[in-house]
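The file query19.pdb contains PDB, C-alpha atoms:
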```pdb
ATOM      1  CA  MET G 190       0.000   0.000   0.000
ATOM      2  CA  LYS G 191       1.260   3.475  -0.789
ATOM      3  CA  ALA G 192       2.297   5.096   2.475
ATOM      4  CA  ASP G 193       1.611   8.653   1.308
ATOM      5  CA  ALA G 194      -1.768   7.927  -0.299
ATOM      6  CA  ILE G 195      -4.784   9.614   1.308
ATOM      7  CA  PRO G 196      -7.878   7.415   0.784
ATOM      8  CA  ALA G 197     -10.816   9.161  -0.835
ATOM      9  CA  VAL G 198     -14.432   8.517   0.108
ATOM     10  CA  GLU G 199     -16.494   7.462  -2.880
ATOM     11  CA  LEU G 200     -19.927   6.020  -3.476
ATOM     12  CA  VAL G 201     -19.202   2.459  -4.586
ATOM     13  CA  PRO G 202     -21.812   0.080  -6.082
ATOM     14  CA  VAL G 203     -22.391  -2.701  -3.563
ATOM     15  CA  ASP G 204     -22.683  -5.344  -6.287
ATOM     16  CA  GLN G 205     -19.120  -4.585  -7.409
ATOM     17  CA  ILE G 206     -17.580  -5.343  -3.988
ATOM     18  CA  THR G 207     -16.149  -8.798  -3.285
ATOM     19  CA  VAL G 208     -15.612 -10.035   0.285
ATOM     20  CA  VAL G 209     -12.274 -11.852   0.013
ATOM     21  CA  ASN G 210     -12.002 -12.875   3.666
ATOM     22  CA  PRO G 211     -15.616 -13.379   4.860
ATOM     23  CA  ARG G 212     -16.470 -13.900   8.532
ATOM     24  CA  VAL G 213     -19.455 -15.697  10.035
ATOM     25  CA  ARG G 214     -21.588 -13.077  11.728
ATOM     26  CA  ASN G 215     -23.653 -13.188  14.899
ATOM     27  CA  LYS G 216     -27.270 -12.884  13.712
ATOM     28  CA  LYS G 217     -28.391 -10.790  16.667
ATOM     29  CA  VAL G 218     -25.475  -8.373  16.299
ATOM     30  CA  PHE G 219     -26.105  -8.162  12.560
ATOM     31  CA  ARG G 220     -29.767  -7.264  13.113
ATOM     32  CA  GLU G 221     -28.664  -4.514  15.485
ATOM     33  CA  ILE G 222     -26.256  -3.162  12.838
ATOM     34  CA  VAL G 223     -29.007  -3.143  10.220
ATOM     35  CA  ALA G 224     -31.478  -1.410  12.561
ATOM     36  CA  ASN G 225     -28.911   1.196  13.583
ATOM     37  CA  ILE G 226     -27.947   2.020   9.992
ATOM     38  CA  GLU G 227     -31.607   2.201   9.012
ATOM     39  CA  ASP G 228     -32.332   4.621  11.883
ATOM     40  CA  VAL G 229     -29.307   6.934  11.920
ATOM     41  CA  GLY G 230     -27.380   6.102   8.739
ATOM     42  CA  LEU G 231     -23.811   4.898   8.172
ATOM     43  CA  LYS G 232     -21.474   6.401  10.761
ATOM     44  CA  ARG G 233     -18.202   5.145   9.249
ATOM     45  CA  PRO G 234     -17.500   4.246   5.620
ATOM     46  CA  ILE G 235     -16.193   0.825   4.708
ATOM     47  CA  THR G 236     -12.720   0.384   3.197
ATOM     48  CA  VAL G 237     -12.168  -1.186  -0.214
ATOM     49  CA  ALA G 238      -9.305  -1.638  -2.681
ATOM     50  CA  ARG G 239      -9.887  -0.853  -6.351
ATOM     51  CA  ARG G 240      -9.330  -3.540  -8.978
ATOM     52  CA  ASN G 241      -9.554  -3.483 -12.760
ATOM     53  CA  GLY G 242     -11.815  -6.301 -13.860
ATOM     54  CA  SER G 243     -12.662  -7.565 -17.322
ATOM     55  CA  GLU G 244     -15.990  -5.714 -17.199
ATOM     56  CA  GLY G 245     -14.660  -2.528 -15.645
ATOM     57  CA  PRO G 246     -13.622  -1.417 -12.142
ATOM     58  CA  CYS G 247     -14.414  -3.660  -9.180
ATOM     59  CA  TYR G 248     -13.441  -3.662  -5.515
ATOM     60  CA  GLU G 249     -12.133  -5.967  -2.785
ATOM     61  CA  LEU G 250     -13.406  -5.393   0.730
ATOM     62  CA  VAL G 251     -10.734  -4.534   3.304
ATOM     63  CA  CYS G 252     -12.953  -3.941   6.323
ATOM     64  CA  GLY G 253     -16.640  -3.319   6.988
ATOM     65  CA  GLN G 254     -18.311  -6.618   6.080
ATOM     66  CA  GLY G 255     -21.157  -6.069   8.530
ATOM     67  CA  ARG G 256     -21.885  -2.579   7.206
ATOM     68  CA  LEU G 257     -21.730  -3.807   3.604
ATOM     69  CA  GLU G 258     -24.122  -6.701   4.261
ATOM     70  CA  ALA G 259     -26.452  -4.365   6.140
ATOM     71  CA  TYR G 260     -26.558  -2.031   3.134
ATOM     72  CA  ARG G 261     -27.323  -4.975   0.866
ATOM     73  CA  SER G 262     -30.118  -6.196   3.136
ATOM     74  CA  LEU G 263     -31.607  -2.686   3.140
ATOM     75  CA  GLY G 264     -31.668  -2.691  -0.658
ATOM     76  CA  GLN G 265     -29.088   0.084  -1.078
ATOM     77  CA  LYS G 266     -27.269   0.214  -4.411
ATOM     78  CA  GLU G 267     -24.236   2.250  -3.321
ATOM     79  CA  ILE G 268     -22.244   2.597  -0.097
ATOM     80  CA  PRO G 269     -19.722   5.246   1.058
ATOM     81  CA  ALA G 270     -16.252   3.692   0.990
ATOM     82  CA  LEU G 271     -12.644   4.699   1.553
ATOM     83  CA  VAL G 272     -10.894   3.586  -1.636
ATOM     84  CA  VAL G 273      -7.261   2.577  -1.054
ATOM     85  CA  GLU G 274      -4.532   1.395  -3.392
ATOM     86  CA  ALA G 275      -3.365  -1.993  -2.104
ATOM     87  CA  ASP G 276      -2.719  -5.460  -3.459
ATOM     88  CA  SER G 277      -4.573  -8.540  -2.221
ATOM     89  CA  GLU G 278      -1.883  -9.435   0.319
ATOM     90  CA  ASP G 279      -1.958  -5.944   1.825
ATOM     91  CA  CYS G 280      -5.752  -6.093   1.935
ATOM     92  CA  LEU G 281      -5.626  -9.336   3.882
ATOM     93  CA  VAL G 282      -3.144  -7.880   6.380
ATOM     94  CA  MET G 283      -5.255  -4.732   6.807
ATOM     95  CA  SER G 284      -8.349  -6.865   7.354
ATOM     96  CA  LEU G 285      -6.572  -8.927  10.031
ATOM     97  CA  VAL G 286      -5.357  -5.778  11.777
ATOM     98  CA  GLU G 287      -8.890  -4.397  11.748
ATOM     99  CA  ASN G 288     -10.276  -7.596  13.278
ATOM    100  CA  LEU G 289      -7.588  -7.686  15.957
ATOM    101  CA  ALA G 290      -8.189  -4.047  16.811
ATOM    102  CA  ARG G 291     -11.901  -4.682  17.178
ATOM    103  CA  ARG G 292     -12.805  -5.172  20.826
ATOM    104  CA  GLN G 293     -15.957  -5.197  22.877
ATOM    105  CA  HIS G 294     -16.334  -1.790  24.479
ATOM    106  CA  ARG G 295     -18.003  -1.587  27.833
ATOM    107  CA  ALA G 296     -21.330   0.168  27.665
ATOM    108  CA  ILE G 297     -20.047   2.615  30.277
ATOM    109  CA  ASP G 298     -17.411   3.691  27.728
ATOM    110  CA  LEU G 299     -20.126   4.355  25.175
ATOM    111  CA  LEU G 300     -21.988   6.446  27.727
ATOM    112  CA  HIS G 301     -18.806   8.458  28.252
ATOM    113  CA  ASP G 302     -18.746   9.061  24.497
ATOM    114  CA  ILE G 303     -22.048  10.884  24.905
ATOM    115  CA  GLU G 304     -20.367  13.157  27.419
ATOM    116  CA  GLY G 305     -17.497  13.662  24.960
ATOM    117  CA  LEU G 306     -19.903  14.780  22.230
ATOM    118  CA  LYS G 307     -21.456  17.212  24.702
ATOM    119  CA  ARG G 308     -18.050  18.686  25.558
ATOM    120  CA  ARG G 309     -17.255  19.142  21.868
ATOM    121  CA  GLY G 310     -20.263  21.393  21.504
ATOM    122  CA  TYR G 311     -22.963  19.067  20.212
ATOM    123  CA  GLY G 312     -26.454  19.750  21.488
ATOM    124  CA  GLU G 313     -28.477  17.064  23.212
ATOM    125  CA  ALA G 314     -30.792  16.751  20.210
ATOM    126  CA  ASP G 315     -27.789  16.334  17.868
ATOM    127  CA  ILE G 316     -26.337  13.636  20.133
ATOM    128  CA  ALA G 317     -29.665  11.800  20.135
ATOM    129  CA  ASP G 318     -29.752  11.897  16.334
ATOM    130  CA  LYS G 319     -26.175  10.672  15.981
ATOM    131  CA  THR G 320     -26.492   7.835  18.499
ATOM    132  CA  GLY G 321     -30.047   6.730  17.760
ATOM    133  CA  LEU G 322     -31.023   7.251  21.418
ATOM    134  CA  THR G 323     -34.026   9.184  22.681
ATOM    135  CA  LEU G 324     -33.564  12.804  23.746
ATOM    136  CA  ASP G 325     -34.767  12.077  27.293
ATOM    137  CA  TYR G 326     -32.278   9.235  27.624
ATOM    138  CA  VAL G 327     -29.386  11.387  26.409
ATOM    139  CA  ARG G 328     -30.311  14.174  28.835
ATOM    140  CA  ALA G 329     -30.483  11.728  31.735
ATOM    141  CA  VAL G 330     -27.141  10.113  30.838
ATOM    142  CA  ILE G 331     -25.409  13.492  30.589
ATOM    143  CA  LYS G 332     -26.801  14.515  33.962
ATOM    144  CA  LEU G 333     -25.641  11.294  35.622
ATOM    145  CA  LEU G 334     -22.194  11.579  34.031
ATOM    146  CA  GLU G 335     -21.782  15.193  35.099
ATOM    147  CA  ASN G 336     -22.614  14.163  38.670
ATOM    148  CA  GLY G 337     -20.163  11.226  38.573
ATOM    149  CA  GLU G 338     -22.929   8.647  39.087
ATOM    150  CA  LEU G 339     -21.037   5.745  37.476
ATOM    151  CA  LYS G 340     -22.672   3.086  39.670
ATOM    152  CA  LEU G 341     -26.118   4.241  38.603
ATOM    153  CA  LEU G 342     -25.033   4.431  34.957
ATOM    154  CA  ARG G 343     -23.778   0.861  35.007
ATOM    155  CA  ALA G 344     -27.071  -0.242  36.524
ATOM    156  CA  VAL G 345     -28.929   1.597  33.748
ATOM    157  CA  GLU G 346     -26.910   0.112  30.880
ATOM    158  CA  SER G 347     -27.225  -3.404  32.335
ATOM    159  CA  GLY G 348     -31.004  -3.038  32.542
ATOM    160  CA  LEU G 349     -31.139  -3.213  36.330
ATOM    161  CA  ILE G 350     -32.976   0.085  36.795
ATOM    162  CA  PRO G 351     -34.693   2.502  34.379
ATOM    163  CA  VAL G 352     -32.803   5.702  33.629
ATOM    164  CA  SER G 353     -35.640   7.801  35.076
ATOM    165  CA  ILE G 354     -35.315   6.005  38.438
ATOM    166  CA  ALA G 355     -31.536   6.497  38.355
ATOM    167  CA  VAL G 356     -31.997  10.263  37.935
ATOM    168  CA  GLU G 357     -34.471  10.365  40.840
ATOM    169  CA  ILE G 358     -32.013   8.486  43.070
ATOM    170  CA  ALA G 359     -29.176  10.818  42.078
ATOM    171  CA  ASP G 360     -31.231  13.907  42.995
ATOM    172  CA  ALA G 361     -32.713  12.578  46.242
ATOM    173  CA  ASP G 362     -31.543  12.337  49.838
ATOM    174  CA  ASP G 363     -31.747   9.065  51.781
ATOM    175  CA  ALA G 364     -35.473   9.403  52.421
ATOM    176  CA  GLY G 365     -36.092  10.417  48.821
ATOM    177  CA  VAL G 366     -34.161   7.394  47.550
ATOM    178  CA  GLN G 367     -36.379   5.033  49.523
ATOM    179  CA  GLN G 368     -39.456   6.848  48.229
ATOM    180  CA  ALA G 369     -38.174   6.536  44.638
ATOM    181  CA  LEU G 370     -37.694   2.788  45.101
ATOM    182  CA  GLN G 371     -41.156   2.479  46.623
ATOM    183  CA  GLN G 372     -42.719   4.339  43.686
ATOM    184  CA  ALA G 373     -40.774   2.161  41.232
ATOM    185  CA  TYR G 374     -42.166  -0.925  42.980
ATOM    186  CA  GLU G 375     -45.736   0.375  42.936
ATOM    187  CA  SER G 376     -45.467   1.288  39.243
ATOM    188  CA  LYS G 377     -44.040  -2.209  38.540
ATOM    189  CA  GLN G 378     -40.782  -0.776  37.170
ATOM    190  CA  LEU G 379     -38.817  -2.671  39.820
ATOM    191  CA  ARG G 380     -40.015  -6.003  41.121
ATOM    192  CA  GLY G 381     -38.524  -9.131  42.646
ATOM    193  CA  ARG G 382     -34.819  -9.678  42.061
ATOM    194  CA  LYS G 383     -34.352  -6.313  40.336
ATOM    195  CA  LEU G 384     -35.749  -4.487  43.354
ATOM    196  CA  LEU G 385     -33.428  -6.369  45.723
ATOM    197  CA  MET G 386     -30.413  -5.606  43.526
ATOM    198  CA  ALA G 387     -31.468  -1.947  43.285
ATOM    199  CA  ARG G 388     -31.604  -1.693  47.080
ATOM    200  CA  ARG G 389     -28.167  -3.300  47.314
ATOM    201  CA  LEU G 390     -26.857  -0.819  44.757
ATOM    202  CA  VAL G 391     -28.225   2.087  46.791
ATOM    203  CA  GLU G 392     -26.499   0.746  49.918
ATOM    204  CA  GLN G 393     -23.179   0.372  48.048
ATOM    205  CA  ARG G 394     -23.521   3.875  46.641
ATOM    206  CA  HIS G 395     -24.130   5.223  50.156
ATOM    207  CA  LYS G 396     -21.127   3.397  51.652
ATOM    208  CA  GLN G 397     -18.615   3.475  48.790
ATOM    209  CA  GLY G 398     -19.553   6.556  46.790
ATOM    210  CA  LYS G 399     -20.822   7.155  43.270
ATOM    211  CA  GLY G 400     -17.847   5.708  41.343
ATOM    212  CA  LEU G 401     -17.346   2.152  40.155
ATOM    213  CA  HIS G 402     -14.504   1.426  42.586
ATOM    214  CA  SER G 403     -14.637   1.256  46.330
ATOM    215  CA  GLY G 404     -14.735   4.628  47.990
ATOM    216  CA  VAL G 405     -11.836   6.786  49.110
ATOM    217  CA  ARG G 406      -8.730   4.898  50.116
ATOM    218  CA  ARG G 407      -7.841   5.487  53.710
ATOM    219  CA  SER G 408      -4.202   5.960  54.461
ATOM    220  CA  ALA G 409      -4.602   6.159  58.216
ATOM    221  CA  SER G 410      -2.890   3.324  60.090
ATOM    222  CA  LEU G 411      -5.053   0.759  61.806
ATOM    223  CA  SER G 412      -5.229   0.821  65.578
ATOM    224  CA  SER G 413      -4.517  -2.253  67.693
ATOM    225  CA  ASN G 414      -8.200  -2.428  68.714
ATOM    226  CA  THR G 415      -9.235  -2.463  65.053
ATOM    227  CA  LEU G 416      -6.826  -5.286  64.273
ATOM    228  CA  VAL G 417      -8.029  -7.328  67.255
ATOM    229  CA  ARG G 418     -11.648  -6.779  66.285
ATOM    230  CA  ALA G 419     -10.934  -7.832  62.686
ATOM    231  CA  TYR G 420      -9.098 -10.931  63.944
ATOM    232  CA  ARG G 421     -11.988 -11.900  66.205
ATOM    233  CA  ASP G 422     -14.507 -11.395  63.413
ATOM    234  CA  ASN G 423     -12.440 -13.641  61.167
ATOM    235  CA  VAL G 424     -12.181 -16.309  63.860
ATOM    236  CA  ASP G 425     -15.939 -16.173  64.457
ATOM    237  CA  LYS G 426     -16.575 -16.636  60.737
ATOM    238  CA  LYS G 427     -14.283 -19.666  60.603
ATOM    239  CA  ARG G 428     -15.885 -21.175  63.682
ATOM    240  CA  SER G 429     -19.292 -20.733  62.093
ATOM    241  CA  LEU G 430     -18.017 -22.422  58.941
ATOM    242  CA  VAL G 431     -16.659 -25.348  60.994
ATOM    243  CA  ARG G 432     -20.010 -25.742  62.785
ATOM    244  CA  LYS G 433     -21.870 -25.759  59.483
ATOM    245  CA  SER G 434     -19.511 -28.321  57.984
ATOM    246  CA  GLU G 435     -19.850 -30.591  61.034
ATOM    247  CA  LEU G 436     -23.635 -30.310  60.877
ATOM    248  CA  THR G 437     -23.592 -31.175  57.177
ATOM    249  CA  ARG G 438     -21.284 -34.139  57.777
ATOM    250  CA  ASN G 439     -23.520 -35.482  60.560
ATOM    251  CA  ARG G 440     -26.604 -35.185  58.374
ATOM    252  CA  LEU G 441     -24.850 -36.931  55.511
ATOM    253  CA  THR G 442     -23.723 -39.732  57.822
ATOM    254  CA  PHE G 443     -27.269 -40.159  59.124
ATOM    255  CA  VAL G 444     -28.750 -40.306  55.621
ATOM    256  CA  THR G 445     -26.078 -42.747  54.427
ATOM    257  CA  GLU G 446     -26.581 -45.063  57.403
ATOM    258  CA  ALA G 447     -30.364 -44.967  56.983
ATOM    259  CA  LEU G 448     -30.065 -45.852  53.298
ATOM    260  CA  ARG G 449     -27.582 -48.625  54.046
ATOM    261  CA  LYS G 450     -30.066 -50.274  56.385
ATOM    262  CA  LEU G 451     -32.925 -49.828  53.919
ATOM    263  CA  VAL G 452     -31.076 -51.369  50.957
ATOM    264  CA  ALA G 453     -30.129 -54.280  53.185
ATOM    265  CA  ASP G 454     -33.852 -55.087  53.487
ATOM    266  CA  GLU G 455     -34.681 -57.368  50.533
ATOM    267  CA  ASN G 456     -38.406 -56.640  50.781
ATOM    268  CA  PHE G 457     -37.756 -52.901  50.511
ATOM    269  CA  VAL G 458     -35.415 -53.412  47.532
ATOM    270  CA  THR G 459     -38.045 -55.576  45.799
ATOM    271  CA  LEU G 460     -40.620 -52.817  46.309
ATOM    272  CA  LEU G 461     -38.224 -50.258  44.811
ATOM    273  CA  ARG G 462     -37.644 -52.468  41.752
ATOM    274  CA  ALA G 463     -41.389 -52.846  41.272
ATOM    275  CA  GLU G 464     -41.799 -49.060  41.316
ATOM    276  CA  GLY G 465     -38.805 -48.470  39.030
ATOM    277  CA  LEU G 466     -36.843 -46.711  41.784
ATOM    278  CA  ASP G 467     -33.929 -49.096  42.117
ATOM    279  CA  THR G 468     -31.162 -46.623  41.145
ATOM    280  CA  MET G 469     -29.416 -43.911  43.124
ATOM    281  CA  PRO G 470     -26.804 -41.198  42.488
ATOM    282  CA  LYS G 471     -23.310 -42.597  41.877
ATOM    283  CA  ASN G 472     -21.700 -40.562  44.683
ATOM    284  CA  LEU G 473     -24.208 -41.903  47.182
ATOM    285  CA  ALA G 474     -23.763 -45.491  45.954
ATOM    286  CA  ASP G 475     -19.970 -45.134  46.248
ATOM    287  CA  ARG G 476     -20.344 -43.837  49.797
ATOM    288  CA  LEU G 477     -22.511 -46.839  50.733
ATOM    289  CA  ARG G 478     -19.904 -49.229  49.319
ATOM    290  CA  ILE G 479     -17.160 -47.498  51.296
ATOM    291  CA  GLN G 480     -19.148 -47.848  54.529
ATOM    292  CA  GLU G 481     -19.825 -51.542  53.820
ATOM    293  CA  ALA G 482     -16.126 -52.116  53.167
ATOM    294  CA  ALA G 483     -15.244 -50.378  56.425
TER     295      ALA G 483
END
```
Could I get this file's structure written as structure tokens?
Amino acid sequence: MKADAIPAVELVPVDQITVVNPRVRNKKVFREIVANIEDVGLKRPITVARRNGSEGPCYELVCGQGRLEAYRSLGQKEIPALVVEADSEDCLVMSLVENLARRQHRAIDLLHDIEGLKRRGYGEADIADKTGLTLDYVRAVIKLLENGELKLLRAVESGLIPVSIAVEIADADDAGVQQALQQAYESKQLRGRKLLMARRLVEQRHKQGKGLHSGVRRSASLSSNTLVRAYRDNVDKKRSLVRKSELTRNRLTFVTEALRKLVADENFVTLLRAEGLDTMPKNLADRLRIQEAA
């Protein structure tokens, strides 16, 4: 490829583009690409290399297979493309580099991009048009970002809480937060597991702050009383774990012994065979054999 060549954007007929190195696409992701292009248009042109065919100019695709296939599925005849001068080997290398560079961005990064567009002078309506999001959603995201509410933003993008509830929580005091959760429950916006997780999120936000990481790091040295208290708490937890394990072991021993006596009763075994219940889990059968051997 010519190092000093500046690719030009041209409208290229889609039926003249050949995909030399095709990739199998995720159907769900592809549908999202098609819907996005249909709603807001093509955000980035594809890249092709020009070739001289027997019937005139043709093109080899360098990168942008998903966008090209989306255009074809939408019935478009031409697609904006960066036209580069490169041989087939260079095209393959460029395609591999593009695929390696492609990574899954966290949704929180995409939300930060909205803030970046706002800083560069784009209005909220322009951002909504460019991203395909609703104006209310964009306004709410910008407000949460400006207030540093990254925990709430992550909950919004993961579908845990609606963006409107997140804004209410960000603006409210402790009593207002509980009222917002109560209203979300009554309006059926938060129910069951989502409500429990939302309450846990509110508690974490209260204890650790608005960011994604644990709150402010404390540099103060720990006192001897704090260390002793932490040690005792750890000991108590381990003692509780030991008690639970002993209780579980005793129950397992009781069940195993009861089963051993039952399977030793030929009448009971005959009844099980008649009912089609003459099998048991392998681990339990192995444990019975070990006890018999002992």
Residues matched by the PyMOL selection byres ((chain G and resi 341-353) around 9) as a count of residues only
30
Any chance you could resolve the PyMOL selection byres ((chain G and resi 263-278) around 9) against this file and give the residues as JSON, numbers by chain?
{"G": [190, 191, 194, 195, 196, 197, 198, 199, 200, 201, 202, 203, 204, 209, 223, 227, 231, 233, 234, 235, 236, 237, 238, 239, 240, 248, 249, 256, 257, 258, 259, 260, 261, 262, 279, 280, 281, 282, 283]}
Gap from atom CA of G:Gly305 to atom CA of G:Val327 - Å, one decimal
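Between these atoms lies a distance of 12.2 Å.
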For stretch 466-475 of chain G: contacts at 10 Å, all atoms listed in the file, fewer than 2 positions along chain excluded, given as a PDB file with C-alpha atoms, in the coordinates of the input:
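Output saved as result_9.pdb:
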```
ATOM      1  CA  LEU G 441     -24.850 -36.931  55.511  1.00  0.00           C
ATOM      2  CA  VAL G 444     -28.750 -40.306  55.621  1.00  0.00           C
ATOM      3  CA  THR G 445     -26.078 -42.747  54.427  1.00  0.00           C
ATOM      4  CA  LEU G 448     -30.065 -45.852  53.298  1.00  0.00           C
ATOM      5  CA  ARG G 449     -27.582 -48.625  54.046  1.00  0.00           C
ATOM      6  CA  VAL G 452     -31.076 -51.369  50.957  1.00  0.00           C
ATOM      7  CA  PHE G 457     -37.756 -52.901  50.511  1.00  0.00           C
ATOM      8  CA  VAL G 458     -35.415 -53.412  47.532  1.00  0.00           C
ATOM      9  CA  THR G 459     -38.045 -55.576  45.799  1.00  0.00           C
ATOM     10  CA  LEU G 460     -40.620 -52.817  46.309  1.00  0.00           C
ATOM     11  CA  LEU G 461     -38.224 -50.258  44.811  1.00  0.00           C
ATOM     12  CA  ARG G 462     -37.644 -52.468  41.752  1.00  0.00           C
ATOM     13  CA  ALA G 463     -41.389 -52.846  41.272  1.00  0.00           C
ATOM     14  CA  GLU G 464     -41.799 -49.060  41.316  1.00  0.00           C
ATOM     15  CA  LEU G 477     -22.511 -46.839  50.733  1.00  0.00           C
ATOM     16  CA  ARG G 478     -19.904 -49.229  49.319  1.00  0.00           C
ATOM     17  CA  ILE G 479     -17.160 -47.498  51.296  1.00  0.00           C
ATOM     18  CA  GLN G 480     -19.148 -47.848  54.529  1.00  0.00           C
ATOM     19  CA  GLU G 481     -19.825 -51.542  53.820  1.00  0.00           C
TER      20      GLU G 481
END
```
